[in-house]
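Structure data (mmCIF, C-alpha atoms and all ligand atoms) from structure.cif:
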data_input
loop_
_atom_site.label_atom_id
_atom_site.label_comp_id
_atom_site.auth_asym_id
_atom_site.auth_seq_id
_atom_site.Cartn_x
_atom_site.Cartn_y
_atom_site.Cartn_z
CA MET A 1 -4.16 -15.20 -8.63
CA ASN A 2 -5.37 -13.98 -11.97
CA ILE A 3 -4.79 -10.30 -12.65
CA ARG A 4 -6.32 -8.99 -15.83
CA VAL A 5 -4.13 -6.40 -17.54
CA GLU A 6 -5.47 -3.76 -19.89
CA LEU A 7 -2.69 -1.57 -21.27
CA THR A 8 -3.18 2.08 -22.12
CA LYS A 9 -3.37 3.04 -25.77
CA THR A 10 -2.25 6.57 -24.97
CA PRO A 11 0.88 6.45 -22.77
CA LYS A 12 1.78 9.78 -21.22
CA PRO A 13 5.20 11.38 -21.69
CA LYS A 14 7.50 10.62 -18.75
CA PRO A 15 9.09 13.50 -16.84
CA GLN A 16 12.06 14.75 -18.85
CA ASP A 17 14.01 16.41 -16.06
CA GLU A 18 14.02 14.19 -12.97
CA SER A 19 15.71 16.90 -10.91
CA LYS A 20 12.45 18.85 -11.14
CA LEU A 21 10.23 16.08 -9.79
CA GLY A 22 8.12 17.18 -6.83
CA PHE A 23 5.89 15.04 -4.63
CA GLY A 24 2.64 13.46 -5.77
CA ASP A 25 1.80 15.66 -8.75
CA ILE A 26 2.14 13.26 -11.65
CA PHE A 27 0.97 9.69 -11.99
CA THR A 28 2.00 6.66 -14.00
CA ASP A 29 0.05 5.16 -16.90
CA HIS A 30 -1.75 2.41 -14.98
CA MET A 31 -3.45 1.59 -11.72
CA PHE A 32 -4.43 -1.56 -9.87
CA ILE A 33 -8.09 -2.00 -8.90
CA MET A 34 -10.10 -4.62 -7.07
CA ASN A 35 -13.79 -4.53 -6.07
CA TYR A 36 -15.57 -5.71 -2.97
CA THR A 37 -19.25 -6.52 -2.66
CA GLU A 38 -20.80 -7.93 0.46
CA GLY A 39 -21.52 -11.64 0.03
CA LYS A 40 -19.04 -11.90 -2.83
CA GLY A 41 -15.81 -10.70 -1.22
CA TRP A 42 -12.93 -9.05 -3.10
CA TYR A 43 -12.92 -9.79 -6.83
CA ASP A 44 -11.82 -8.70 -10.31
CA ALA A 45 -8.18 -7.79 -9.57
CA ARG A 46 -7.04 -5.84 -12.61
CA ILE A 47 -4.50 -3.38 -13.94
CA VAL A 48 -6.09 -0.74 -16.11
CA PRO A 49 -5.12 2.63 -17.61
CA TYR A 50 -4.90 5.40 -14.99
CA ALA A 51 -8.14 7.36 -15.27
CA PRO A 52 -10.69 9.26 -13.19
CA LEU A 53 -13.16 7.14 -11.23
CA SER A 54 -16.87 7.27 -11.74
CA LEU A 55 -18.62 7.44 -8.36
CA ASP A 56 -22.25 7.79 -7.42
CA PRO A 57 -22.70 11.18 -5.66
CA ALA A 58 -24.14 9.23 -2.73
CA ALA A 59 -21.01 7.02 -2.45
CA MET A 60 -20.35 6.72 1.26
CA ILE A 61 -16.72 7.81 1.07
CA LEU A 62 -17.92 11.27 -0.01
CA HIS A 63 -20.10 11.69 3.08
CA TYR A 64 -18.65 9.80 6.00
CA GLY A 65 -15.02 9.42 5.03
CA GLN A 66 -14.83 5.65 5.35
CA GLU A 67 -11.41 5.06 3.80
CA VAL A 68 -7.87 3.91 4.56
CA PHE A 69 -4.57 4.34 2.75
CA GLU A 70 -0.89 3.43 2.72
CA GLY A 71 2.32 5.08 1.56
CA MET A 72 5.44 3.28 0.38
CA LYS A 73 8.13 3.54 -2.29
CA ALA A 74 9.83 1.54 -5.05
CA TYR A 75 13.53 2.25 -5.61
CA ARG A 76 15.69 1.75 -8.68
CA THR A 77 19.17 0.43 -7.90
CA LYS A 78 22.40 1.28 -9.76
CA GLU A 79 22.28 -2.21 -11.27
CA GLY A 80 18.83 -1.48 -12.68
CA HIS A 81 16.76 -3.56 -10.26
CA ILE A 82 13.50 -2.20 -8.85
CA GLN A 83 12.81 -2.98 -5.22
CA LEU A 84 10.43 -2.36 -2.32
CA PHE A 85 11.18 -1.78 1.36
CA ARG A 86 9.19 -4.02 3.74
CA PRO A 87 6.00 -3.84 1.62
CA GLU A 88 4.37 -6.71 3.55
CA GLN A 89 4.36 -4.38 6.57
CA ASN A 90 2.35 -1.80 4.66
CA PHE A 91 -0.35 -4.29 3.69
CA LYS A 92 -0.42 -5.70 7.19
CA ARG A 93 -0.94 -2.16 8.53
CA LEU A 94 -3.60 -1.53 5.87
CA ASN A 95 -5.56 -4.42 7.35
CA VAL A 96 -5.15 -2.98 10.86
CA SER A 97 -6.59 0.29 9.54
CA ASN A 98 -9.34 -1.66 7.73
CA GLU A 99 -10.37 -3.36 10.93
CA ARG A 100 -10.74 -0.02 12.74
CA LEU A 101 -12.74 1.52 9.89
CA CYS A 102 -15.07 -1.51 9.46
CA ILE A 103 -13.63 -2.19 6.00
CA PRO A 104 -13.29 -5.88 5.01
CA ALA A 105 -9.72 -7.23 5.16
CA ILE A 106 -7.78 -7.61 1.94
CA ASP A 107 -5.60 -10.61 1.13
CA GLU A 108 -2.12 -9.18 1.81
CA ASN A 109 -0.48 -11.55 -0.67
CA VAL A 110 -2.90 -10.58 -3.43
CA ALA A 111 -2.22 -6.91 -2.72
CA LEU A 112 1.56 -7.43 -2.90
CA GLU A 113 1.28 -9.48 -6.10
CA GLY A 114 -0.96 -6.79 -7.60
CA LEU A 115 1.52 -4.10 -6.66
CA LYS A 116 4.46 -6.00 -8.16
CA GLU A 117 2.53 -6.52 -11.39
CA LEU A 118 1.63 -2.83 -11.53
CA ILE A 119 5.27 -1.82 -11.04
CA LYS A 120 6.34 -4.22 -13.79
CA VAL A 121 3.80 -2.70 -16.16
CA ASP A 122 4.88 0.86 -15.24
CA GLN A 123 8.59 0.07 -14.67
CA ASP A 124 9.79 2.84 -16.97
CA TRP A 125 8.15 5.33 -14.61
CA VAL A 126 10.50 4.50 -11.73
CA PRO A 127 12.91 7.44 -11.90
CA HIS A 128 16.67 6.98 -12.22
CA GLN A 129 18.33 9.97 -10.55
CA VAL A 130 19.91 9.60 -7.12
CA GLY A 131 17.34 10.15 -4.38
CA THR A 132 14.28 9.78 -6.61
CA SER A 133 11.73 6.98 -6.23
CA LEU A 134 8.28 5.81 -7.21
CA TYR A 135 5.81 6.71 -4.47
CA ILE A 136 3.04 4.12 -4.10
CA ARG A 137 -0.38 4.93 -2.73
CA PRO A 138 -2.69 1.98 -2.01
CA PHE A 139 -6.13 3.03 -0.72
CA ILE A 140 -9.62 1.69 -0.11
CA ILE A 141 -12.83 3.71 -0.37
CA ALA A 142 -16.47 2.98 0.51
CA THR A 143 -18.54 3.19 -2.65
CA ASP A 144 -22.01 2.07 -1.58
CA PRO A 145 -24.54 4.76 -2.68
CA HIS A 146 -26.28 5.18 0.65
CA LEU A 147 -26.82 8.08 3.05
CA GLY A 148 -27.56 6.24 6.29
CA VAL A 149 -24.58 6.06 8.60
CA ARG A 150 -23.27 2.48 8.61
CA ALA A 151 -20.37 0.58 7.08
CA SER A 152 -20.53 0.39 3.29
CA HIS A 153 -21.35 -2.88 1.54
CA GLU A 154 -19.13 -2.06 -1.44
CA TYR A 155 -15.53 -0.91 -1.72
CA LEU A 156 -12.76 -0.22 -4.20
CA PHE A 157 -9.14 -1.08 -3.46
CA ILE A 158 -6.87 0.94 -5.72
CA ILE A 159 -3.11 1.40 -6.07
CA ILE A 160 -1.72 4.44 -7.87
CA CYS A 161 1.93 5.40 -8.33
CA SER A 162 3.74 8.70 -8.65
CA PRO A 163 7.40 9.34 -9.53
CA VAL A 164 8.81 11.65 -6.84
CA GLY A 165 11.94 13.74 -6.55
CA ALA A 166 14.72 13.54 -4.01
CA TYR A 167 13.38 14.68 -0.65
CA TYR A 168 16.66 16.32 0.26
CA LYS A 169 18.12 18.12 -2.70
CA GLU A 170 20.99 19.70 -0.76
CA GLY A 171 21.78 17.61 2.32
CA LEU A 172 19.56 16.86 5.27
CA ASN A 173 18.42 20.28 6.41
CA PRO A 174 16.86 20.29 9.85
CA VAL A 175 13.21 21.36 10.12
CA LYS A 176 11.56 23.86 12.43
CA ILE A 177 8.57 22.57 14.34
CA TYR A 178 6.49 23.76 17.27
CA VAL A 179 4.62 21.91 19.95
CA GLU A 180 0.88 22.23 19.28
CA THR A 181 -0.95 23.16 22.47
CA ASN A 182 -4.34 24.15 21.06
CA TYR A 183 -5.43 21.46 18.61
CA VAL A 184 -5.12 17.70 19.07
CA ARG A 185 -4.69 14.95 16.48
CA ALA A 186 -6.01 11.82 18.14
CA VAL A 187 -6.98 10.21 21.41
CA LYS A 188 -6.68 6.69 22.67
CA GLY A 189 -9.82 4.87 21.54
CA GLY A 190 -9.99 6.99 18.39
CA THR A 191 -8.42 6.38 14.97
CA GLY A 192 -4.89 7.72 15.55
CA PHE A 193 -3.23 4.36 14.87
CA ALA A 194 -5.04 3.94 11.53
CA LYS A 195 -3.96 5.57 8.28
CA THR A 196 -7.35 7.03 7.49
CA GLY A 197 -8.17 10.29 5.73
CA GLY A 198 -10.06 11.90 8.60
CA ASN A 199 -6.91 12.08 10.74
CA TYR A 200 -5.25 14.27 8.12
CA ALA A 201 -8.29 16.49 7.43
CA ASN A 202 -8.34 17.05 11.19
CA GLY A 203 -4.68 18.10 11.19
CA LEU A 204 -4.89 20.66 8.37
CA LYS A 205 -5.86 23.60 10.58
CA ALA A 206 -2.83 23.26 12.86
CA GLN A 207 -0.57 22.70 9.87
CA ASP A 208 -1.91 25.87 8.21
CA GLU A 209 -1.26 27.94 11.30
CA ALA A 210 2.24 26.51 11.61
CA LYS A 211 3.00 27.42 7.98
CA LYS A 212 1.86 31.01 8.61
CA GLN A 213 4.46 31.22 11.35
CA GLN A 214 7.19 29.75 9.13
CA TYR A 215 7.15 26.38 10.85
CA SER A 216 7.08 23.30 8.67
CA GLN A 217 5.06 21.03 11.00
CA VAL A 218 3.63 20.70 14.47
CA LEU A 219 4.54 18.22 17.17
CA TRP A 220 1.30 16.81 18.55
CA LEU A 221 0.73 16.20 22.24
CA ASP A 222 -1.65 13.59 23.65
CA GLY A 223 -5.28 14.62 23.29
CA ILE A 224 -6.27 14.14 26.92
CA GLU A 225 -3.65 15.75 29.15
CA ARG A 226 -1.72 17.71 26.47
CA LYS A 227 1.32 16.58 28.33
CA TYR A 228 2.93 13.70 26.44
CA VAL A 229 4.64 13.84 23.06
CA GLU A 230 2.91 11.93 20.25
CA GLU A 231 4.21 12.50 16.71
CA VAL A 232 4.62 14.99 13.84
CA GLY A 233 2.28 15.37 10.78
CA ALA A 234 3.25 12.18 8.95
CA MET A 235 6.32 11.24 10.97
CA ASN A 236 7.08 9.54 14.24
CA ILE A 237 9.45 11.34 16.60
CA PHE A 238 12.65 10.32 18.38
CA PHE A 239 14.74 12.09 21.03
CA LYS A 240 18.33 11.43 22.00
CA ILE A 241 18.73 12.46 25.60
CA ASP A 242 21.98 11.86 27.47
CA GLY A 243 23.02 9.06 25.13
CA LYS A 244 19.70 7.22 25.25
CA ILE A 245 17.15 7.09 22.42
CA ILE A 246 13.53 7.61 23.41
CA THR A 247 10.38 7.46 21.29
CA PRO A 248 6.70 7.50 22.29
CA SER A 249 5.20 4.05 22.80
CA LEU A 250 2.33 2.92 20.58
CA LEU A 251 -0.68 3.28 22.81
CA GLY A 252 -3.37 3.68 20.17
CA SER A 253 -3.20 7.35 19.21
CA ILE A 254 0.05 7.19 17.22
CA LEU A 255 0.59 5.81 13.73
CA PRO A 256 2.93 2.80 13.96
CA GLY A 257 5.49 3.85 11.37
CA ILE A 258 7.48 1.26 9.45
CA THR A 259 10.43 3.68 9.40
CA ARG A 260 10.00 3.99 13.18
CA MET A 261 10.07 0.22 13.61
CA SER A 262 13.10 -0.13 11.28
CA SER A 263 14.94 2.68 13.09
CA ILE A 264 14.41 0.98 16.46
CA GLU A 265 15.69 -2.31 15.05
CA LEU A 266 18.79 -0.64 13.58
CA LEU A 267 19.52 1.38 16.72
CA LYS A 268 19.27 -1.70 18.91
CA SER A 269 21.53 -3.66 16.55
CA TRP A 270 24.10 -0.86 16.93
CA GLY A 271 23.99 -1.20 20.70
CA TYR A 272 21.89 1.85 21.55
CA GLU A 273 19.47 1.71 24.40
CA VAL A 274 16.02 2.50 22.94
CA GLU A 275 13.13 3.29 25.25
CA GLU A 276 9.55 3.18 23.97
CA ARG A 277 7.50 4.99 26.57
CA ARG A 278 5.42 8.06 27.27
CA ILE A 279 7.54 11.21 27.14
CA PRO A 280 6.29 14.35 28.88
CA ILE A 281 7.17 17.43 26.82
CA GLN A 282 8.41 18.88 30.13
CA GLU A 283 11.07 16.17 30.22
CA VAL A 284 12.29 17.24 26.77
CA ALA A 285 12.44 20.87 27.90
CA ASP A 286 14.28 19.93 31.09
CA ALA A 287 16.78 17.86 29.13
CA TYR A 288 17.33 20.81 26.82
CA LYS A 289 17.94 23.18 29.71
CA ALA A 290 20.38 20.70 31.23
CA GLY A 291 22.24 20.49 27.90
CA LYS A 292 21.28 16.84 27.46
CA LEU A 293 18.93 17.04 24.48
CA GLU A 294 21.37 15.79 21.86
CA GLU A 295 19.21 15.00 18.83
CA VAL A 296 15.59 15.13 17.75
CA PHE A 297 14.44 13.54 14.50
CA GLY A 298 11.30 12.42 12.71
CA THR A 299 10.93 9.13 10.81
CA GLY A 300 8.65 8.43 7.85
CA THR A 301 8.66 7.01 4.34
CA ALA A 302 8.80 10.38 2.58
CA ALA A 303 11.93 11.84 4.21
CA VAL A 304 13.17 8.64 5.93
CA ILE A 305 14.90 10.71 8.65
CA SER A 306 14.07 14.36 9.22
CA PRO A 307 16.29 16.10 11.76
CA VAL A 308 14.60 18.72 13.93
CA GLY A 309 16.83 21.75 14.40
CA HIS A 310 14.43 24.07 16.16
CA LEU A 311 11.65 23.01 18.50
CA LYS A 312 9.39 25.59 20.13
CA TRP A 313 7.15 24.91 23.13
CA GLY A 314 5.33 27.99 24.36
CA ASP A 315 8.04 30.57 25.03
CA LEU A 316 10.85 28.08 25.04
CA VAL A 317 12.81 27.80 21.80
CA MET A 318 15.09 24.77 21.72
CA ASP A 319 17.93 24.89 19.21
CA ILE A 320 19.08 21.34 18.81
CA ASN A 321 22.63 20.34 17.92
CA ASN A 322 23.34 23.85 16.54
CA ASN A 323 20.65 23.32 13.94
CA GLU A 324 22.71 20.62 12.30
CA ILE A 325 21.98 16.97 11.69
CA GLY A 326 23.29 14.82 14.54
CA PRO A 327 25.45 11.71 14.11
CA VAL A 328 22.71 9.20 15.00
CA SER A 329 20.21 10.80 12.60
CA GLN A 330 22.84 10.81 9.85
CA ARG A 331 23.82 7.19 10.47
CA LEU A 332 20.19 6.02 10.41
CA TYR A 333 19.55 7.96 7.22
CA ASP A 334 22.65 6.56 5.50
CA GLU A 335 21.93 2.99 6.55
CA MET A 336 18.23 3.01 5.68
CA THR A 337 18.57 4.77 2.33
CA GLY A 338 21.64 2.64 1.56
CA ILE A 339 19.52 -0.50 1.97
CA GLN A 340 16.59 0.99 0.04
CA TRP A 341 18.67 1.94 -3.00
CA GLY A 342 20.67 -1.29 -2.89
CA ILE A 343 23.96 0.45 -2.05
CA LEU A 344 24.35 -1.38 1.28
CA PRO A 345 23.72 -5.07 1.98
CA ASP A 346 20.17 -5.92 3.04
CA THR A 347 21.26 -7.24 6.42
CA HIS A 348 17.73 -7.40 7.86
CA ASN A 349 15.94 -8.98 4.89
CA TRP A 350 13.83 -5.91 4.32
CA ILE A 351 14.06 -5.73 0.54
CA VAL A 352 11.55 -7.30 -1.82
CA ARG A 353 12.78 -7.24 -5.39
CA VAL A 354 10.24 -6.60 -8.15
CA LEU A 355 12.57 -6.76 -11.13
C1 LIG B 401 2.52 7.36 7.51
C2 LIG B 401 2.70 8.05 8.81
C3 LIG B 401 3.86 7.92 9.60
C4 LIG B 401 5.08 7.22 9.12
O1 LIG B 401 4.91 5.91 8.78
P1 LIG B 401 5.96 5.16 7.84
O2 LIG B 401 5.43 3.79 7.73
O3 LIG B 401 7.27 5.23 8.54
O4 LIG B 401 5.98 5.92 6.55
C5 LIG B 401 3.87 8.50 10.85
N1 LIG B 401 2.82 9.22 11.31
C6 LIG B 401 1.71 9.40 10.57
C7 LIG B 401 0.60 10.19 11.13
C8 LIG B 401 1.63 8.83 9.31
O5 LIG B 401 0.53 9.02 8.57
#
Would you mind writing the structure in this file as structure tokens?
Amino acid sequence: MNIRVELTKTPKPKPQDESKLGFGDIFTDHMFIMNYTEGKGWYDARIVPYAPLSLDPAAMILHYGQEVFEGMKAYRTKEGHIQLFRPEQNFKRLNVSNERLCIPAIDENVALEGLKELIKVDQDWVPHQVGTSLYIRPFIIATDPHLGVRASHEYLFIIICSPVGAYYKEGLNPVKIYVETNYVRAVKGGTGFAKTGGNYANGLKAQDEAKKQQYSQVLWLDGIERKYVEEVGAMNIFFKIDGKIITPSLLGSILPGITRMSSIELLKSWGYEVEERRIPIQEVADAYKAGKLEEVFGTGTAAVISPVGHLKWGDLVMDINNNEIGPVSQRLYDEMTGIQWGILPDTHNWIVRVL
């Protein structure tokens, strides 16, 4: 594939103090872009200086939200390599989201080659300090200037990158979440399994109310019976009950996380019994009351593993593992981040080296 590269003439200063890096506030010097036009397909893969887009005010993304995105990271190893964690899974999932949103499929190999080229061009932006990484945001938007409701005939596929700080600056502190009983995120038949903007716009209200009550996130229940556990904001959820690991099965309303999939593979390889099934929130509460709720943790690219220390459902407040990270959560975190930063051997062939 031929990727045209146009380098910036005005490189931006890189962050001086990497310990002050936040999440998603600053962007690298370049971005990858590719266009789609009906009848012509995807074309003109290029790397160009990072800059605002020019969009027609009638562009369909602005009106009907036809878009999909991904989230992944590049890691710098001690030896100075730059590597990705299962990136082919992200582009595969992007195409699953595309299919649901009536967006034409991308060539997953072209996307991965484009991403690698972009990282090479912006390699000095991958931060060095322990725990930092380069967050990668591929996304596709409908750009056809048209106000009738239908799928767009034109799209842009873009990849932007942002150096981000260590998620945990002082150890893995458990989060406080509550079970959302008023709002719902997704229903089977809807778009819950797709990474598409509307799902997150829909979740803002519940997230806002949680923040007001000093909770960091909500745990969503199924949209029909409000009975079964689904997931957290941008994380899948796992429970350890009486020695067994349980996580909600992927029935169409939950985002199929790559950290979720990797956690299940690791847990099974360590000999744990992992059940993927529907979990009534009542079962979690009963396990808690019986003293059998041993660990609860979220999985996602940003935090990798996020232990839940405090889970509230109605009047019931569950304090899990004395508000400390549990041994399984810690082991998963150590193993996964060890592989990502090249500290541990890549036993599952998950790493794709860029440089
Ligand atoms: C991205 C995301 C996840 C986690 O997926 P990973 O591939 O593990 O990062 C989980 N739930 C939702 C709603 C998400 O958007």
Got a sec: who's within 10 Å of Ile26 (chain A), counting only C-alpha atoms, leaving out chain neighbours fewer than 6 positions off, as an MDAnalysis selection string? chainID A and resid 14:15 161:164
Give the centre and edge lengths of an axis-aligned box, in Å to one decimal, that holds all listed atoms of ligand LIG 401 (chain B) with 3 Å on each side, as JSON.
{"center_x": 3.9, "center_y": 7.0, "center_z": 8.9, "size_x": 12.7, "size_y": 12.4, "size_z": 10.8}
Restrict the calculation to all atoms listed in the file, then for each residue of region 60-134 of chain A with any atom at most 8 Å from an atom of region 328-345 of chain A give the closest atom pair and their distance in Å to one decimal, rows by chain and rising residue number, as a tab-separated table.
residue	atom	partner	partner_atom	distance
A:Tyr75	CA	A:Trp341	CA	5.8
A:Arg76	CA	A:Trp341	CA	6.4
A:Thr77	CA	A:Trp341	CA	5.2
A:Lys78	CA	A:Gly342	CA	7.5
A:Gln83	CA	A:Gln340	CA	7.6
A:Leu84	CA	A:Gln340	CA	7.4
A:Phe85	CA	A:Gln340	CA	6.2
Between A:Glu38, A:Asp144, A:Glu18, A:Glu117, which has the minimum distance to Val130 (chain A) (counting all atoms listed in the file)? A:Glu18
Can you work out the spacing between CA of Thr299 (chain A) and CA of Ile103 (chain A) in Å, to one decimal?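 Pair CA of Thr299 (chain A) / CA of Ile103 (chain A) returns 27.5 Å.
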One decimal place gives the CA of Arg260 (chain A)-CA of Lys169 (chain A) separation as 22.8 Å
Using all atoms listed in the file, what are the residues with an atom within 6 Å of ligand LIG 401 (chain B), set out as a JSON list (two decimals) with C-alpha atoms, in the coordinates of the input?
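Contents of the output file part_24.json:
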[["chain", "number", "residue", "atom", "x", "y", "z"],
["A", 195, "LYS", "CA", -3.96, 5.57, 8.28],
["A", 233, "GLY", "CA", 2.28, 15.37, 10.78],
["A", 234, "ALA", "CA", 3.25, 12.18, 8.95],
["A", 235, "MET", "CA", 6.32, 11.24, 10.97],
["A", 236, "ASN", "CA", 7.08, 9.54, 14.24],
["A", 255, "LEU", "CA", 0.59, 5.81, 13.73],
["A", 257, "GLY", "CA", 5.49, 3.85, 11.37],
["A", 258, "ILE", "CA", 7.48, 1.26, 9.45],
["A", 259, "THR", "CA", 10.43, 3.68, 9.40],
["A", 260, "ARG", "CA", 10.00, 3.99, 13.18],
["A", 299, "THR", "CA", 10.93, 9.13, 10.81],
["A", 300, "GLY", "CA", 8.65, 8.43, 7.85],
["A", 301, "THR", "CA", 8.66, 7.01, 4.34]]
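Taking CA of Ile158 (chain A) and CA of Met31 (chain A) as the two end points, the separation is 6.9 Å.
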Taking 2 positions as the minimum chain separation for residues in the same chain, which residues sit within 8 Å of Pro138 (chain A) when counting all atoms listed in the file? Answer as a PyMOL selection string. chain A and resi 69-71+136+140+157-160
Kindly indicate which residue among A:Lys205, A:His153, A:Lys116, A:Lys227 lies nearest to Val284 (chain A), using all atoms listed in the file for the distances.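 Ranking A:Lys205, A:His153, A:Lys116, A:Lys227 by distance to Val284 (chain A), first place goes to A:Lys227.
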Quick one: everything within 9 Å of Val48 (chain A), counting all atoms listed in the file, minus sequence neighbours fewer than 2 positions away in the same chain. Send it as a ChimeraX atom specification. /A:4-8,29-33,46,50-51
Nearby residues (all atoms listed in the file) at most 8 Å from region 305-309 of chain A, same-chain spacing under 2 positions excluded, as a PyMOL selection string: chain A and resi 172-177+295-300+303+311+319-326+329+332-333
With distances taken over all atoms listed in the file, which residue among A:Val187, A:Ala58, A:Ile279, A:Met1 lies nearest Phe238 (chain A)? A:Ile279
